[in-house]
Amino acid sequence: MNTERPTPPPTSRVLITGAAGGFGRALAEEFVRSGIKVALNGRNPQRLAEAAKHLRRMGGEILELPGDATDEAAIGTALRIAADAWNGLDSVIDNAGVAGPTGPLSSTSVEEWWEGFSTNARTTLTTLAAALPILRASGGGRLLHISSAAGVHGWPYAGAYAAAKAAGINLCGTLDRELALDPIRVFAFHPGIITTGLTAAALREKNSPDRWRRLHAAWFAQQVSQGRTVPLADATRCALAIATGRHDNLSGRYVTTGELTRESPPPSKNPGR
C-alpha cells in the first residue's frame, strides 16, 4: 500500500486575514512580488481598501474582502468569494488577532480574559475550519497560522494571548494528523519579533497609564535595542517559502524564522519570568 502523503499543488492564489496593515500587509506585498494573487481580509474596510490600492500599484491581482475573521459566516463568505473568482485557493494565512488584556490574572476579570482568548483562538478556528473545504475542492493547499513564542513559553501579564497561541499551535498539530491522507499541509509559524503590527502597537504604549502595558513596551524596546528583532523581509520570505511548499516536511510543527534562516538570536525572557 502506498502511504506517501499527497503533495499540494503549486501556490498561485492566497487569502490572508488581518491583511489591512502590519505583518498581514507585509505578507501580501511579499506574495504580490512573487506573482501570487492575494485576497485581503480585515475588519476595517477603509484600511483594507488603502492596502489593496497600494498592492495594485505594485502590480498585484487583489481582492478586497472586508469582514471579521471571528465571524464564521463572514470568513466563510470571504473564502468562497475568492475561490469563485479564481477557481480555487492554494494557501490560507490566519494572521488576524488582538493583543488582549494585560496584567496579572489575579486582577483581570474572567470576562475580559476570556474575550481576549476567545477572539484570538476563534479567528484561528474559524479560518482553518472554513478553509478546509475550499482547499479540498481546489485539489489541496497549505494552511498557515501566524503564531508566537508566547504560545510555547507563556507570556506573563498577557496570559489570554499566550493561551490562545498555545491553542493555535496544538490545533495545527492535531489538524495535520487528521489530514494525513489529504494534499493539505498545516503550519504554526512564528515570524519572530518584528517591529510592525502588535509589536509596534506595544511599543507605542511606553507612556501608557497602565503599568503592565508600560512593562510590555519596555520589554519590546529592550529587544529592539539589543538587536533581538527579526528583519521583516526575512519573516515574510519564510512565510512565502512555507506557503509555496519549500517546507512541507515540517507540516504540523511550530516553526520560526530563526529556525528556517538560522540567523535570529533568541529573545530574552519575557517580563516577569
# chains A, B, ... in the order shown; residues from 1 in each chain; ligands from 1
call {"tool": "residues_around", "arguments": {"residues": "range 238-255 of chain A", "least_positions_apart": "2", "cutoff": "6 Å", "atoms": "only C-alpha atoms", "output": "list in words"}}
result
Thr11, Cys172, Gly173, Asp176, Arg185, Val186, Phe187, Ala188, Phe189, Ala235 and Thr236 of chain A
call {"tool": "closest_atom_pairs", "arguments": {"of": "range 17-134 of chain A", "to": "range 199-202 of chain A", "cutoff": "10 Å", "atoms": "only C-alpha atoms", "output": "JSON lines"}}
result
{"residue": "A:Gly22", "atom": "CA", "partner": "A:Ala200", "partner_atom": "CA", "distance": 8.4}
{"residue": "A:Phe23", "atom": "CA", "partner": "A:Thr199", "partner_atom": "CA", "distance": 10.0}
{"residue": "A:Ala99", "atom": "CA", "partner": "A:Ala202", "partner_atom": "CA", "distance": 8.6}
call {"tool": "write_last_selection", "arguments": {"atoms": "N, CA, C and O atoms", "output": "PDB file, in the first residue's frame"}}
result
ATOM      1  N   GLY A  22       0.234  46.087   9.187  1.00  0.00           N
ATOM      2  CA  GLY A  22       1.166  45.277   9.947  1.00  0.00           C
ATOM      3  C   GLY A  22       1.741  44.118   9.159  1.00  0.00           C
ATOM      4  O   GLY A  22       2.051  44.225   7.964  1.00  0.00           O
ATOM      5  N   PHE A  23       1.887  42.979   9.829  1.00  0.00           N
ATOM      6  CA  PHE A  23       2.504  41.814   9.201  1.00  0.00           C
ATOM      7  C   PHE A  23       1.650  41.275   8.058  1.00  0.00           C
ATOM      8  O   PHE A  23       2.187  40.803   7.056  1.00  0.00           O
ATOM      9  N   ALA A  99      -4.099  41.907  20.816  1.00  0.00           N
ATOM     10  CA  ALA A  99      -3.168  41.744  21.931  1.00  0.00           C
ATOM     11  C   ALA A  99      -3.856  41.183  23.171  1.00  0.00           C
ATOM     12  O   ALA A  99      -3.253  40.443  23.956  1.00  0.00           O
TER      13      ALA A  99
END
call {"tool": "closest_residue", "arguments": {"among": "A:Ile169, A:Val224, A:Leu27, A:Ala137", "to": "Arg80 in chain A", "atoms": "only C-alpha atoms"}}
result
A:Ala137
call {"tool": "closest_residue", "arguments": {"among": "A:Ala28, A:Ile81, A:Val230, A:Ala73", "to": "Gly60 in chain A", "atoms": "only C-alpha atoms"}}
result
A:Ala28
call {"tool": "select_by_dssp", "arguments": {"residues": "range 110-272 of chain A", "states": "strand (DSSP E or B)", "output": "list in words"}}
result
Gly141, Arg142, Leu143, Leu144, His145, Ile146, Ile184, Arg185, Val186, Phe187, Ala188, Phe189, His190, Tyr254, Val255 and Thr256 of chain A
call {"tool": "closest_residue", "arguments": {"among": "A:Thr256, A:Thr102, A:Thr123, A:Ser107", "to": "Arg43 in chain A", "atoms": "only C-alpha atoms"}}
result
A:Thr123
call {"tool": "select_by_dssp", "arguments": {"residues": "range 111-225 of chain A", "states": "alpha helix (DSSP H)", "output": "VMD selection string"}}
result
chain A and resid 111 to 137 150 to 153 159 to 178 197 to 203 211 to 225
call {"tool": "closest_residue", "arguments": {"among": "A:Leu198, A:Ile93, A:Ala166, A:Asp71", "to": "Gly21 in chain A", "atoms": "only C-alpha atoms"}}
result
A:Leu198
call {"tool": "closest_residue", "arguments": {"among": "A:Glu112, A:Asp182, A:Glu205, A:Asp84", "to": "Tyr161 in chain A", "atoms": "only C-alpha atoms"}}
result
A:Glu112
call {"tool": "closest_residue", "arguments": {"among": "A:Ala96, A:Leu215, A:Ala69, A:Leu135", "to": "Pro156 in chain A", "atoms": "only C-alpha atoms"}}
result
A:Leu215
call {"tool": "atom_distance", "arguments": {"atom1": "CA of Glu4 in chain A", "atom2": "CA of Ala167 in chain A"}}
result
28.4 Å
call {"tool": "atom_distance", "arguments": {"atom1": "CA of Leu143 in chain A", "atom2": "CA of Ser91 in chain A"}}
result
5.8 Å
call {"tool": "atom_distance", "arguments": {"atom1": "CA of Gly154 in chain A", "atom2": "CA of Trp212 in chain A"}}
result
15.7 Å
call {"tool": "residues_around", "arguments": {"residues": "Ile62 in chain A", "least_positions_apart": "3", "cutoff": "10 Å", "atoms": "only C-alpha atoms", "output": "PyMOL selection string"}}
result
chain A and resi 13-15+28+32+36-40+51-53+55-56+59+65+82
call {"tool": "write_last_selection", "arguments": {"atoms": "C-alpha atoms", "output": "PDB file, in the first residue's frame"}}
result
ATOM      1  CA  ARG A  13      -3.801  32.097  -5.037  1.00  0.00           C
ATOM      2  CA  VAL A  14      -3.739  33.041  -1.358  1.00  0.00           C
ATOM      3  CA  LEU A  15      -6.089  34.607   1.191  1.00  0.00           C
ATOM      4  CA  ALA A  28       0.614  40.493   0.940  1.00  0.00           C
ATOM      5  CA  VAL A  32       2.495  40.083  -4.850  1.00  0.00           C
ATOM      6  CA  ILE A  36       0.727  35.376  -6.486  1.00  0.00           C
ATOM      7  CA  LYS A  37      -2.885  36.572  -6.436  1.00  0.00           C
ATOM      8  CA  VAL A  38      -3.852  37.844  -2.980  1.00  0.00           C
ATOM      9  CA  ALA A  39      -7.258  38.141  -1.329  1.00  0.00           C
ATOM     10  CA  LEU A  40      -7.224  40.562   1.598  1.00  0.00           C
ATOM     11  CA  ALA A  51      -3.803  48.315   1.291  1.00  0.00           C
ATOM     12  CA  ALA A  52      -5.457  46.987  -1.854  1.00  0.00           C
ATOM     13  CA  LYS A  53      -4.753  50.211  -3.730  1.00  0.00           C
ATOM     14  CA  LEU A  55      -0.785  46.400  -3.756  1.00  0.00           C
ATOM     15  CA  ARG A  56      -2.438  47.033  -7.108  1.00  0.00           C
ATOM     16  CA  GLY A  59       1.083  45.118  -9.959  1.00  0.00           C
ATOM     17  CA  LEU A  65     -12.930  41.053   1.277  1.00  0.00           C
ATOM     18  CA  ALA A  82     -12.026  34.350  -3.508  1.00  0.00           C
TER      19      ALA A  82
END
